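Visitor: Sharing protein-v3.pdb here; it has PDB, C-alpha atoms, pLDDT in the B column.
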```
ATOM      1  CA  MET A  74       3.632 -15.961  27.304  1.00 33.00           C
ATOM      2  CA  SER A  75       3.923 -15.663  23.520  1.00 39.00           C
ATOM      3  CA  ALA A  76       1.920 -13.063  21.615  1.00 51.00           C
ATOM      4  CA  ALA A  77      -1.327 -14.136  19.977  1.00 63.00           C
ATOM      5  CA  PRO A  78      -0.883 -14.921  16.268  1.00 79.00           C
ATOM      6  CA  ILE A  79      -1.993 -12.339  13.726  1.00 85.00           C
ATOM      7  CA  LYS A  80      -5.290 -13.307  12.106  1.00 91.00           C
ATOM      8  CA  VAL A  81      -5.396 -13.147   8.314  1.00 94.00           C
ATOM      9  CA  LEU A  82      -8.709 -13.540   6.490  1.00 96.00           C
ATOM     10  CA  VAL A  83      -8.208 -15.167   3.081  1.00 97.00           C
ATOM     11  CA  ILE A  84     -11.154 -14.535   0.725  1.00 96.00           C
ATOM     12  CA  ASP A  85     -10.766 -16.670  -2.410  1.00 94.00           C
ATOM     13  CA  ASP A  86     -13.063 -19.143  -4.153  1.00 93.00           C
ATOM     14  CA  GLU A  87     -10.226 -21.354  -5.414  1.00 92.00           C
ATOM     15  CA  PRO A  88      -9.381 -24.177  -2.935  1.00 93.00           C
ATOM     16  CA  PRO A  89      -5.797 -24.574  -4.251  1.00 92.00           C
ATOM     17  CA  ILE A  90      -5.089 -20.879  -3.653  1.00 91.00           C
ATOM     18  CA  ARG A  91      -6.544 -21.028  -0.147  1.00 94.00           C
ATOM     19  CA  LYS A  92      -4.453 -24.125   0.586  1.00 94.00           C
ATOM     20  CA  LEU A  93      -1.299 -22.433  -0.723  1.00 92.00           C
ATOM     21  CA  LEU A  94      -1.933 -19.366   1.404  1.00 94.00           C
ATOM     22  CA  ARG A  95      -2.883 -21.411   4.461  1.00 94.00           C
ATOM     23  CA  MET A  96       0.304 -23.467   4.259  1.00 93.00           C
ATOM     24  CA  GLY A  97       2.568 -20.526   3.481  1.00 92.00           C
ATOM     25  CA  LEU A  98       1.169 -18.190   6.109  1.00 93.00           C
ATOM     26  CA  THR A  99       0.780 -20.653   8.979  1.00 92.00           C
ATOM     27  CA  THR A 100       4.474 -21.532   8.721  1.00 90.00           C
ATOM     28  CA  GLN A 101       5.141 -17.822   9.383  1.00 87.00           C
ATOM     29  CA  GLY A 102       2.998 -17.829  12.501  1.00 85.00           C
ATOM     30  CA  TYR A 103      -0.205 -16.322  11.096  1.00 90.00           C
ATOM     31  CA  GLU A 104      -3.641 -17.645  12.049  1.00 92.00           C
ATOM     32  CA  ILE A 105      -5.749 -18.178   8.934  1.00 95.00           C
ATOM     33  CA  LEU A 106      -9.464 -17.552   8.522  1.00 96.00           C
ATOM     34  CA  GLU A 107     -10.933 -18.680   5.197  1.00 96.00           C
ATOM     35  CA  ALA A 108     -13.912 -17.608   3.106  1.00 96.00           C
ATOM     36  CA  SER A 109     -14.825 -18.910  -0.348  1.00 95.00           C
ATOM     37  CA  ASN A 110     -17.488 -16.262  -0.993  1.00 94.00           C
ATOM     38  CA  GLY A 111     -18.612 -12.815   0.031  1.00 93.00           C
ATOM     39  CA  ARG A 112     -21.298 -13.933   2.468  1.00 93.00           C
ATOM     40  CA  THR A 113     -18.860 -16.024   4.485  1.00 95.00           C
ATOM     41  CA  ALA A 114     -16.273 -13.263   4.310  1.00 95.00           C
ATOM     42  CA  LEU A 115     -18.617 -10.769   5.967  1.00 94.00           C
ATOM     43  CA  GLU A 116     -19.389 -13.294   8.696  1.00 94.00           C
ATOM     44  CA  LYS A 117     -15.670 -13.843   9.311  1.00 95.00           C
ATOM     45  CA  LEU A 118     -15.151 -10.105   9.825  1.00 93.00           C
ATOM     46  CA  ASP A 119     -16.740 -10.583  13.253  1.00 91.00           C
ATOM     47  CA  GLU A 120     -13.695 -12.685  14.243  1.00 92.00           C
ATOM     48  CA  GLY A 121     -11.510  -9.590  14.012  1.00 89.00           C
ATOM     49  CA  PRO A 122      -8.901 -10.303  11.333  1.00 93.00           C
ATOM     50  CA  ALA A 123      -5.865  -8.021  11.468  1.00 89.00           C
ATOM     51  CA  LEU A 124      -5.375  -8.264   7.701  1.00 93.00           C
ATOM     52  CA  ILE A 125      -7.413  -9.366   4.677  1.00 96.00           C
ATOM     53  CA  ILE A 126      -6.315 -10.999   1.426  1.00 96.00           C
ATOM     54  CA  LEU A 127      -9.117 -10.505  -1.102  1.00 96.00           C
ATOM     55  CA  ASP A 128      -9.514 -12.150  -4.499  1.00 92.00           C
ATOM     56  CA  LEU A 129     -11.703  -9.956  -6.708  1.00 89.00           C
ATOM     57  CA  GLY A 130     -13.200 -12.899  -8.623  1.00 87.00           C
ATOM     58  CA  LEU A 131     -15.841 -14.288  -6.271  1.00 89.00           C
ATOM     59  CA  PRO A 132     -18.917 -16.345  -7.210  1.00 88.00           C
ATOM     60  CA  ASP A 133     -21.639 -14.508  -5.280  1.00 90.00           C
ATOM     61  CA  VAL A 134     -20.578 -10.847  -5.195  1.00 91.00           C
ATOM     62  CA  GLN A 135     -18.544  -8.445  -7.286  1.00 90.00           C
ATOM     63  CA  GLY A 136     -15.137  -8.157  -5.620  1.00 90.00           C
ATOM     64  CA  HIS A 137     -15.055  -4.378  -5.676  1.00 93.00           C
ATOM     65  CA  GLU A 138     -18.473  -4.214  -4.021  1.00 94.00           C
ATOM     66  CA  LEU A 139     -17.275  -6.535  -1.266  1.00 95.00           C
ATOM     67  CA  LEU A 140     -14.220  -4.340  -0.808  1.00 95.00           C
ATOM     68  CA  ARG A 141     -16.467  -1.293  -0.518  1.00 94.00           C
ATOM     69  CA  THR A 142     -18.613  -3.081   2.092  1.00 95.00           C
ATOM     70  CA  ILE A 143     -15.607  -4.200   4.126  1.00 95.00           C
ATOM     71  CA  ARG A 144     -14.190  -0.679   4.108  1.00 92.00           C
ATOM     72  CA  ALA A 145     -17.532   0.710   5.300  1.00 91.00           C
ATOM     73  CA  ARG A 146     -17.436  -1.685   8.250  1.00 90.00           C
ATOM     74  CA  ASN A 147     -13.732  -1.390   9.042  1.00 88.00           C
ATOM     75  CA  GLU A 148     -11.737   1.613   7.844  1.00 83.00           C
ATOM     76  CA  ALA A 149      -8.406   0.483   9.297  1.00 83.00           C
ATOM     77  CA  VAL A 150      -7.870  -3.187   8.477  1.00 90.00           C
ATOM     78  CA  PRO A 151      -5.196  -3.603   5.769  1.00 91.00           C
ATOM     79  CA  ILE A 152      -6.499  -5.224   2.577  1.00 94.00           C
ATOM     80  CA  VAL A 153      -4.226  -6.820  -0.020  1.00 94.00           C
ATOM     81  CA  VAL A 154      -6.061  -7.585  -3.261  1.00 93.00           C
ATOM     82  CA  LEU A 155      -5.356 -10.534  -5.564  1.00 88.00           C
ATOM     83  CA  SER A 156      -6.073  -9.695  -9.191  1.00 83.00           C
ATOM     84  CA  SER A 157      -5.948 -11.478 -12.517  1.00 77.00           C
ATOM     85  CA  ARG A 158      -3.014 -10.728 -14.796  1.00 65.00           C
ATOM     86  CA  GLY A 159      -3.500  -7.625 -16.886  1.00 67.00           C
ATOM     87  CA  ASP A 160      -6.518  -6.378 -14.936  1.00 74.00           C
ATOM     88  CA  GLU A 161      -5.037  -2.896 -14.616  1.00 80.00           C
ATOM     89  CA  ALA A 162      -8.373  -1.076 -14.390  1.00 84.00           C
ATOM     90  CA  GLY A 163      -9.501  -3.480 -11.675  1.00 85.00           C
ATOM     91  CA  LYS A 164      -6.341  -2.820  -9.663  1.00 87.00           C
ATOM     92  CA  VAL A 165      -6.799   0.937  -9.904  1.00 90.00           C
ATOM     93  CA  GLN A 166     -10.444   0.705  -8.855  1.00 91.00           C
ATOM     94  CA  ALA A 167      -9.564  -1.525  -5.893  1.00 91.00           C
ATOM     95  CA  LEU A 168      -6.858   0.855  -4.695  1.00 91.00           C
ATOM     96  CA  ASP A 169      -9.197   3.832  -5.050  1.00 90.00           C
ATOM     97  CA  LEU A 170     -11.788   1.955  -2.983  1.00 91.00           C
ATOM     98  CA  GLY A 171      -9.330   1.571  -0.134  1.00 89.00           C
ATOM     99  CA  ALA A 172      -7.187  -1.492  -0.801  1.00 92.00           C
ATOM    100  CA  ASP A 173      -3.681  -1.108   0.596  1.00 90.00           C
ATOM    101  CA  ASP A 174      -1.872  -3.160  -2.012  1.00 91.00           C
ATOM    102  CA  TYR A 175      -2.366  -5.736  -4.751  1.00 90.00           C
ATOM    103  CA  LEU A 176      -0.685  -8.838  -6.127  1.00 89.00           C
ATOM    104  CA  THR A 177      -1.155 -10.333  -9.558  1.00 87.00           C
ATOM    105  CA  LYS A 178      -1.734 -14.067  -9.884  1.00 83.00           C
ATOM    106  CA  PRO A 179       0.423 -16.089 -10.044  1.00 84.00           C
ATOM    107  CA  PHE A 180       2.436 -14.614  -7.193  1.00 86.00           C
ATOM    108  CA  GLY A 181       5.449 -15.642  -5.119  1.00 89.00           C
ATOM    109  CA  MET A 182       4.999 -16.393  -1.432  1.00 91.00           C
ATOM    110  CA  GLU A 183       8.032 -14.325  -0.431  1.00 90.00           C
ATOM    111  CA  GLU A 184       6.637 -11.265  -2.210  1.00 89.00           C
ATOM    112  CA  LEU A 185       3.233 -11.809  -0.598  1.00 90.00           C
ATOM    113  CA  LEU A 186       4.789 -12.041   2.859  1.00 90.00           C
ATOM    114  CA  ALA A 187       6.741  -8.832   2.237  1.00 87.00           C
ATOM    115  CA  ARG A 188       3.576  -7.030   1.099  1.00 87.00           C
ATOM    116  CA  LEU A 189       1.705  -8.245   4.196  1.00 88.00           C
ATOM    117  CA  ARG A 190       4.458  -7.028   6.492  1.00 83.00           C
ATOM    118  CA  ALA A 191       4.465  -3.627   4.772  1.00 80.00           C
ATOM    119  CA  ALA A 192       0.675  -3.329   5.112  1.00 81.00           C
ATOM    120  CA  LEU A 193       0.811  -4.196   8.813  1.00 79.00           C
ATOM    121  CA  ARG A 194       3.672  -1.742   9.423  1.00 72.00           C
ATOM    122  CA  HIS A 195       1.741   1.005   7.687  1.00 68.00           C
ATOM    123  CA  GLN A 196      -1.278   0.357   9.910  1.00 67.00           C
ATOM    124  CA  LEU A 197       0.889   0.605  13.041  1.00 62.00           C
ATOM    125  CA  GLN A 198       2.495   3.811  11.789  1.00 60.00           C
ATOM    126  CA  VAL A 199      -0.896   5.388  11.170  1.00 57.00           C
ATOM    127  CA  LYS A 200      -2.050   4.485  14.673  1.00 52.00           C
ATOM    128  CA  GLY A 201       1.039   5.891  16.356  1.00 51.00           C
ATOM    129  CA  GLU A 202       2.354   8.325  13.810  1.00 50.00           C
ATOM    130  CA  ARG A 203       5.489  10.101  15.013  1.00 56.00           C
ATOM    131  CA  PRO A 204       7.263  13.045  13.495  1.00 66.00           C
ATOM    132  CA  VAL A 205      10.316  11.511  11.757  1.00 80.00           C
ATOM    133  CA  PHE A 206       9.999   8.861   9.063  1.00 84.00           C
ATOM    134  CA  ARG A 207      13.076   6.886   8.015  1.00 86.00           C
ATOM    135  CA  THR A 208      13.753   4.311   5.348  1.00 86.00           C
ATOM    136  CA  GLY A 209      17.242   3.595   4.093  1.00 89.00           C
ATOM    137  CA  ASP A 210      19.205   6.864   3.969  1.00 92.00           C
ATOM    138  CA  LEU A 211      16.047   8.927   3.526  1.00 93.00           C
ATOM    139  CA  SER A 212      14.557  10.727   6.535  1.00 91.00           C
ATOM    140  CA  VAL A 213      11.569  13.067   6.569  1.00 90.00           C
ATOM    141  CA  ASP A 214      10.791  15.221   9.601  1.00 85.00           C
ATOM    142  CA  LEU A 215       7.059  15.862   9.241  1.00 78.00           C
ATOM    143  CA  VAL A 216       7.053  18.506  11.988  1.00 66.00           C
ATOM    144  CA  ARG A 217      10.064  20.601  11.002  1.00 74.00           C
ATOM    145  CA  ARG A 218       9.633  19.811   7.286  1.00 82.00           C
ATOM    146  CA  ILE A 219      13.273  18.745   6.974  1.00 88.00           C
ATOM    147  CA  VAL A 220      14.233  16.134   4.404  1.00 93.00           C
ATOM    148  CA  LYS A 221      17.640  14.460   4.470  1.00 93.00           C
ATOM    149  CA  VAL A 222      19.458  11.842   2.446  1.00 94.00           C
ATOM    150  CA  GLY A 223      22.155  10.615   4.795  1.00 93.00           C
ATOM    151  CA  GLU A 224      23.554  13.770   6.402  1.00 92.00           C
ATOM    152  CA  ARG A 225      22.709  15.948   3.396  1.00 94.00           C
ATOM    153  CA  GLU A 226      19.665  18.187   3.777  1.00 94.00           C
ATOM    154  CA  VAL A 227      17.501  18.285   0.652  1.00 94.00           C
ATOM    155  CA  LYS A 228      15.702  21.476  -0.352  1.00 93.00           C
ATOM    156  CA  LEU A 229      12.284  20.784  -1.852  1.00 92.00           C
ATOM    157  CA  SER A 230       9.718  23.115  -3.356  1.00 91.00           C
ATOM    158  CA  PRO A 231       6.387  23.269  -1.482  1.00 89.00           C
ATOM    159  CA  LYS A 232       4.691  20.981  -4.016  1.00 91.00           C
ATOM    160  CA  GLU A 233       7.572  18.500  -4.016  1.00 94.00           C
ATOM    161  CA  TYR A 234       7.402  18.361  -0.232  1.00 92.00           C
ATOM    162  CA  ASP A 235       3.626  17.886  -0.284  1.00 91.00           C
ATOM    163  CA  LEU A 236       4.063  14.974  -2.688  1.00 95.00           C
ATOM    164  CA  LEU A 237       6.700  13.365  -0.466  1.00 94.00           C
ATOM    165  CA  ARG A 238       4.580  13.941   2.637  1.00 91.00           C
ATOM    166  CA  VAL A 239       1.615  12.091   1.127  1.00 92.00           C
ATOM    167  CA  LEU A 240       3.896   9.236   0.050  1.00 93.00           C
ATOM    168  CA  VAL A 241       5.396   9.069   3.560  1.00 90.00           C
ATOM    169  CA  GLN A 242       1.983   9.003   5.202  1.00 84.00           C
ATOM    170  CA  HIS A 243       1.128   5.963   3.066  1.00 87.00           C
ATOM    171  CA  ALA A 244       4.600   4.392   2.924  1.00 87.00           C
ATOM    172  CA  GLY A 245       4.537   0.911   1.437  1.00 87.00           C
ATOM    173  CA  LYS A 246       1.095   1.454  -0.068  1.00 89.00           C
ATOM    174  CA  VAL A 247       0.341   1.879  -3.766  1.00 92.00           C
ATOM    175  CA  LEU A 248      -1.200   5.300  -4.413  1.00 94.00           C
ATOM    176  CA  THR A 249      -3.052   5.773  -7.678  1.00 94.00           C
ATOM    177  CA  HIS A 250      -2.550   8.742  -9.991  1.00 93.00           C
ATOM    178  CA  ARG A 251      -6.106   9.872  -9.244  1.00 91.00           C
ATOM    179  CA  PHE A 252      -5.578   9.730  -5.475  1.00 92.00           C
ATOM    180  CA  LEU A 253      -2.370  11.759  -5.652  1.00 94.00           C
ATOM    181  CA  LEU A 254      -3.837  14.316  -8.033  1.00 92.00           C
ATOM    182  CA  LYS A 255      -6.803  14.804  -5.715  1.00 89.00           C
ATOM    183  CA  GLU A 256      -4.555  15.153  -2.667  1.00 89.00           C
ATOM    184  CA  LEU A 257      -2.218  17.643  -4.304  1.00 90.00           C
ATOM    185  CA  TRP A 258      -4.246  19.674  -6.799  1.00 86.00           C
ATOM    186  CA  ASP A 259      -7.987  19.153  -6.187  1.00 75.00           C
ATOM    187  CA  GLU A 260      -9.149  19.953  -9.703  1.00 76.00           C
ATOM    188  CA  LEU A 261      -6.316  18.631 -11.880  1.00 72.00           C
ATOM    189  CA  THR A 262      -6.826  15.301 -13.623  1.00 73.00           C
ATOM    190  CA  ASP A 263      -3.825  15.178 -15.979  1.00 83.00           C
ATOM    191  CA  ALA A 264      -1.287  12.690 -14.597  1.00 86.00           C
ATOM    192  CA  GLN A 265       1.463  14.484 -16.525  1.00 89.00           C
ATOM    193  CA  TYR A 266       1.593  17.164 -13.817  1.00 87.00           C
ATOM    194  CA  LEU A 267       2.211  14.421 -11.280  1.00 93.00           C
ATOM    195  CA  ARG A 268       4.939  12.795 -13.383  1.00 94.00           C
ATOM    196  CA  VAL A 269       6.796  16.115 -13.578  1.00 94.00           C
ATOM    197  CA  TYR A 270       6.912  16.475  -9.792  1.00 95.00           C
ATOM    198  CA  VAL A 271       7.810  12.823  -9.258  1.00 97.00           C
ATOM    199  CA  ARG A 272      10.708  13.301 -11.676  1.00 96.00           C
ATOM    200  CA  GLN A 273      11.842  16.441  -9.831  1.00 96.00           C
ATOM    201  CA  LEU A 274      11.548  14.725  -6.453  1.00 97.00           C
ATOM    202  CA  ARG A 275      13.593  11.767  -7.648  1.00 97.00           C
ATOM    203  CA  GLN A 276      16.300  14.114  -8.926  1.00 97.00           C
ATOM    204  CA  LYS A 277      16.708  15.356  -5.366  1.00 96.00           C
ATOM    205  CA  ILE A 278      16.373  12.237  -3.197  1.00 96.00           C
ATOM    206  CA  GLU A 279      17.477   9.318  -5.386  1.00 96.00           C
ATOM    207  CA  ALA A 280      21.126   8.332  -5.905  1.00 94.00           C
ATOM    208  CA  ASP A 281      20.175   7.359  -9.470  1.00 95.00           C
ATOM    209  CA  PRO A 282      16.857   8.935 -10.539  1.00 94.00           C
ATOM    210  CA  GLU A 283      16.648   6.570 -13.519  1.00 94.00           C
ATOM    211  CA  ARG A 284      16.756   3.574 -11.152  1.00 95.00           C
ATOM    212  CA  PRO A 285      14.822   4.866  -8.132  1.00 96.00           C
ATOM    213  CA  GLN A 286      15.110   3.110  -4.783  1.00 94.00           C
ATOM    214  CA  TYR A 287      12.487   5.105  -2.871  1.00 95.00           C
ATOM    215  CA  VAL A 288       9.721   6.437  -5.124  1.00 97.00           C
ATOM    216  CA  LEU A 289       8.739   3.408  -7.172  1.00 95.00           C
ATOM    217  CA  THR A 290       6.479   3.391 -10.233  1.00 95.00           C
ATOM    218  CA  GLU A 291       3.514   1.018 -10.415  1.00 91.00           C
ATOM    219  CA  THR A 292       3.116   1.063 -14.202  1.00 90.00           C
ATOM    220  CA  GLY A 293      -0.233   2.430 -15.334  1.00 88.00           C
ATOM    221  CA  ILE A 294      -1.446   2.743 -11.745  1.00 92.00           C
ATOM    222  CA  GLY A 295       0.562   5.165  -9.630  1.00 94.00           C
ATOM    223  CA  TYR A 296       3.459   5.261  -7.184  1.00 96.00           C
ATOM    224  CA  ARG A 297       4.680   3.660  -3.972  1.00 94.00           C
ATOM    225  CA  LEU A 298       7.202   4.922  -1.441  1.00 94.00           C
ATOM    226  CA  LYS A 299       9.342   1.921  -0.616  1.00 85.00           C
ATOM    227  CA  ALA A 300       9.006   1.163   3.060  1.00 78.00           C
ATOM    228  CA  GLY A 301      12.299  -0.733   3.201  1.00 51.00           C
ATOM    229  CA  ILE A 302      13.272  -3.672   5.383  1.00 42.00           C
ATOM    230  CA  SER A 303      12.808  -1.913   8.690  1.00 42.00           C
ATOM    231  CA  PRO A 304      11.131   1.484   8.239  1.00 40.00           C
ATOM    232  CA  SER A 305      10.418   3.374  11.423  1.00 43.00           C
ATOM    233  CA  TYR A 306       8.984   6.498  12.906  1.00 44.00           C
ATOM    234  CA  SER A 307      11.030   7.862  15.760  1.00 44.00           C
TER     235      SER A 307
END
```
Using structure tokens, write down the structure from this file.

Guide:
Amino acid sequence: MSAAPIKVLVIDDEPPIRKLLRMGLTTQGYEILEASNGRTALEKLDEGPALIILDLGLPDVQGHELLRTIRARNEAVPIVVLSSRGDEAGKVQALDLGADDYLTKPFGMEELLARLRAALRHQLQVKGERPVFRTGDLSVDLVRRIVKVGEREVKLSPKEYDLLRVLVQHAGKVLTHRFLLKELWDELTDAQYLRVYVRQLRQKIEADPERPQYVLTETGIGYRLKAGISPSYS
């Protein structure tokens, strides 16, 4: 017996976008639920989607308010936000409200599929989090606090390790400057402190710190730890 298809709730008021997503995702084996407004979206939540694609520009409700409502009802479901080009403040607000990722319209289907896979992997990792995270040549033992690149053990300062730990715990997810500052320093609000430690961390774990492969910058928003093609906890 084959596994049941993964349900994806697409919340978008533009019929062409919903059609594009329906066609692209069904060919990959996803089951699509559709909502053209916030009211229908909340009704569709009762059908238990495993992932949500949310356009912030809806006719009957402010997109960020709908995101807040969905998060209040379901803390775990991955949410990938669709945003208009250049809406940097909107992206940051959505991520701070609990979105897992975002895509800017127009977007490529292959990138969307990759983002969906990363969001679903992150959810599984959170549910069954195990002590060693691996992606590419990077491994992080969250119990013994050992970081390796290949066979080489990397010595990190306590703050550098804390930064990497938070990134690992949310691997594949965009983390805003504000979120990271709150996690690491409580009272600090100057993103420059964060940039210093990101630079130091890259010097130690990246083959070329100027062209990072692991700790990626989301310009004006924050950082993402690249989950890779087949990240795993073991």

Visitor: Using the chain letters and numbers from the file, which residues does the PyMOL selection byres ((chain A and resi 95-105) around 6) grab, as a PyMOL selection string?

Guide: chain A and resi 78-81+91-94+106

Visitor: Leaving out stretch 255-269 of chain A and any residue of its chain fewer than 3 positions from it, which residues lie within 9 Å of it when counting only C-alpha atoms, given as an MDAnalysis selection string?

Guide: chainID A and resid 232 235:236 239 250:252 272:274

Visitor: Nearest to A:Met182 among A:Leu170, A:Ile278, A:Ile90, A:Leu115, with distances taken over only C-alpha atoms: which residue is it?

Guide: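 Closest to A:Met182 of all the choices is A:Ile90.
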
Visitor: Can you measure atom CA of A:Thr113 to atom CA of A:Ile84 for me? One decimal in Å is fine.

Guide: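 Computed distance, atom CA of A:Thr113 to atom CA of A:Ile84, equals 8.7 Å.
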
Visitor: Nearest residue to A:Leu82 out of A:Leu168, A:Leu155, A:Leu248, A:Ala108, using only C-alpha atoms?

Guide: A:Ala108

Visitor: Save stretch 107-121 of chain A of the structure in the block above to a file, with N, CA, C and O atoms included, as an mmCIF file, in the first residue's frame.

Guide:
```
data_model
loop_
_atom_site.group_PDB
_atom_site.id
_atom_site.type_symbol
_atom_site.label_atom_id
_atom_site.label_comp_id
_atom_site.auth_asym_id
_atom_site.auth_seq_id
_atom_site.Cartn_x
_atom_site.Cartn_y
_atom_site.Cartn_z
ATOM 1 N N GLU A 107 -7.239 24.170 -1.611
ATOM 2 C CA GLU A 107 -7.152 25.549 -2.079
ATOM 3 C C GLU A 107 -8.073 26.466 -1.288
ATOM 4 O O GLU A 107 -9.173 26.072 -0.888
ATOM 5 N N ALA A 108 -7.604 27.691 -1.077
ATOM 6 C CA ALA A 108 -8.419 28.723 -0.429
ATOM 7 C C ALA A 108 -8.075 30.055 -1.081
ATOM 8 O O ALA A 108 -6.906 30.395 -1.230
ATOM 9 N N SER A 109 -9.118 30.800 -1.469
ATOM 10 C CA SER A 109 -8.901 32.098 -2.112
ATOM 11 C C SER A 109 -9.018 33.253 -1.138
ATOM 12 O O SER A 109 -8.814 34.405 -1.511
ATOM 13 N N ASN A 110 -9.350 32.949 0.129
ATOM 14 C CA ASN A 110 -9.475 33.997 1.142
ATOM 15 C C ASN A 110 -9.228 33.415 2.523
ATOM 16 O O ASN A 110 -9.102 32.196 2.686
ATOM 17 N N GLY A 111 -9.161 34.295 3.505
ATOM 18 C CA GLY A 111 -8.844 33.863 4.854
ATOM 19 C C GLY A 111 -9.911 32.993 5.486
ATOM 20 O O GLY A 111 -9.600 32.030 6.188
ATOM 21 N N ARG A 112 -11.168 33.311 5.234
ATOM 22 C CA ARG A 112 -12.259 32.529 5.835
ATOM 23 C C ARG A 112 -12.200 31.071 5.376
ATOM 24 O O ARG A 112 -12.268 30.148 6.197
ATOM 25 N N THR A 113 -12.037 30.881 4.072
ATOM 26 C CA THR A 113 -11.945 29.518 3.549
ATOM 27 C C THR A 113 -10.690 28.820 4.058
ATOM 28 O O THR A 113 -10.704 27.621 4.355
ATOM 29 N N ALA A 114 -9.612 29.580 4.168
ATOM 30 C CA ALA A 114 -8.360 28.994 4.653
ATOM 31 C C ALA A 114 -8.517 28.410 6.047
ATOM 32 O O ALA A 114 -8.053 27.296 6.326
ATOM 33 N N LEU A 115 -9.199 29.126 6.934
ATOM 34 C CA LEU A 115 -9.385 28.641 8.298
ATOM 35 C C LEU A 115 -10.271 27.405 8.316
ATOM 36 O O LEU A 115 -10.077 26.496 9.133
ATOM 37 N N GLU A 116 -11.241 27.348 7.412
ATOM 38 C CA GLU A 116 -12.078 26.154 7.308
ATOM 39 C C GLU A 116 -11.252 24.957 6.842
ATOM 40 O O GLU A 116 -11.425 23.836 7.333
ATOM 41 N N LYS A 117 -10.341 25.188 5.894
ATOM 42 C CA LYS A 117 -9.539 24.110 5.337
ATOM 43 C C LYS A 117 -8.524 23.559 6.349
ATOM 44 O O LYS A 117 -8.033 22.435 6.189
ATOM 45 N N LEU A 118 -8.212 24.345 7.374
ATOM 46 C CA LEU A 118 -7.293 23.851 8.401
ATOM 47 C C LEU A 118 -7.817 22.579 9.051
ATOM 48 O O LEU A 118 -7.041 21.733 9.499
ATOM 49 N N ASP A 119 -9.151 22.442 9.096
ATOM 50 C CA ASP A 119 -9.757 21.258 9.710
ATOM 51 C C ASP A 119 -9.467 19.987 8.917
ATOM 52 O O ASP A 119 -9.671 18.879 9.422
ATOM 53 N N GLU A 120 -9.006 20.125 7.668
ATOM 54 C CA GLU A 120 -8.680 18.958 6.843
ATOM 55 C C GLU A 120 -7.251 18.477 7.064
ATOM 56 O O GLU A 120 -6.793 17.542 6.419
ATOM 57 N N GLY A 121 -6.541 19.140 7.966
ATOM 58 C CA GLY A 121 -5.227 18.675 8.394
ATOM 59 C C GLY A 121 -4.109 18.769 7.375
ATOM 60 O O GLY A 121 -3.396 17.788 7.139
#
```
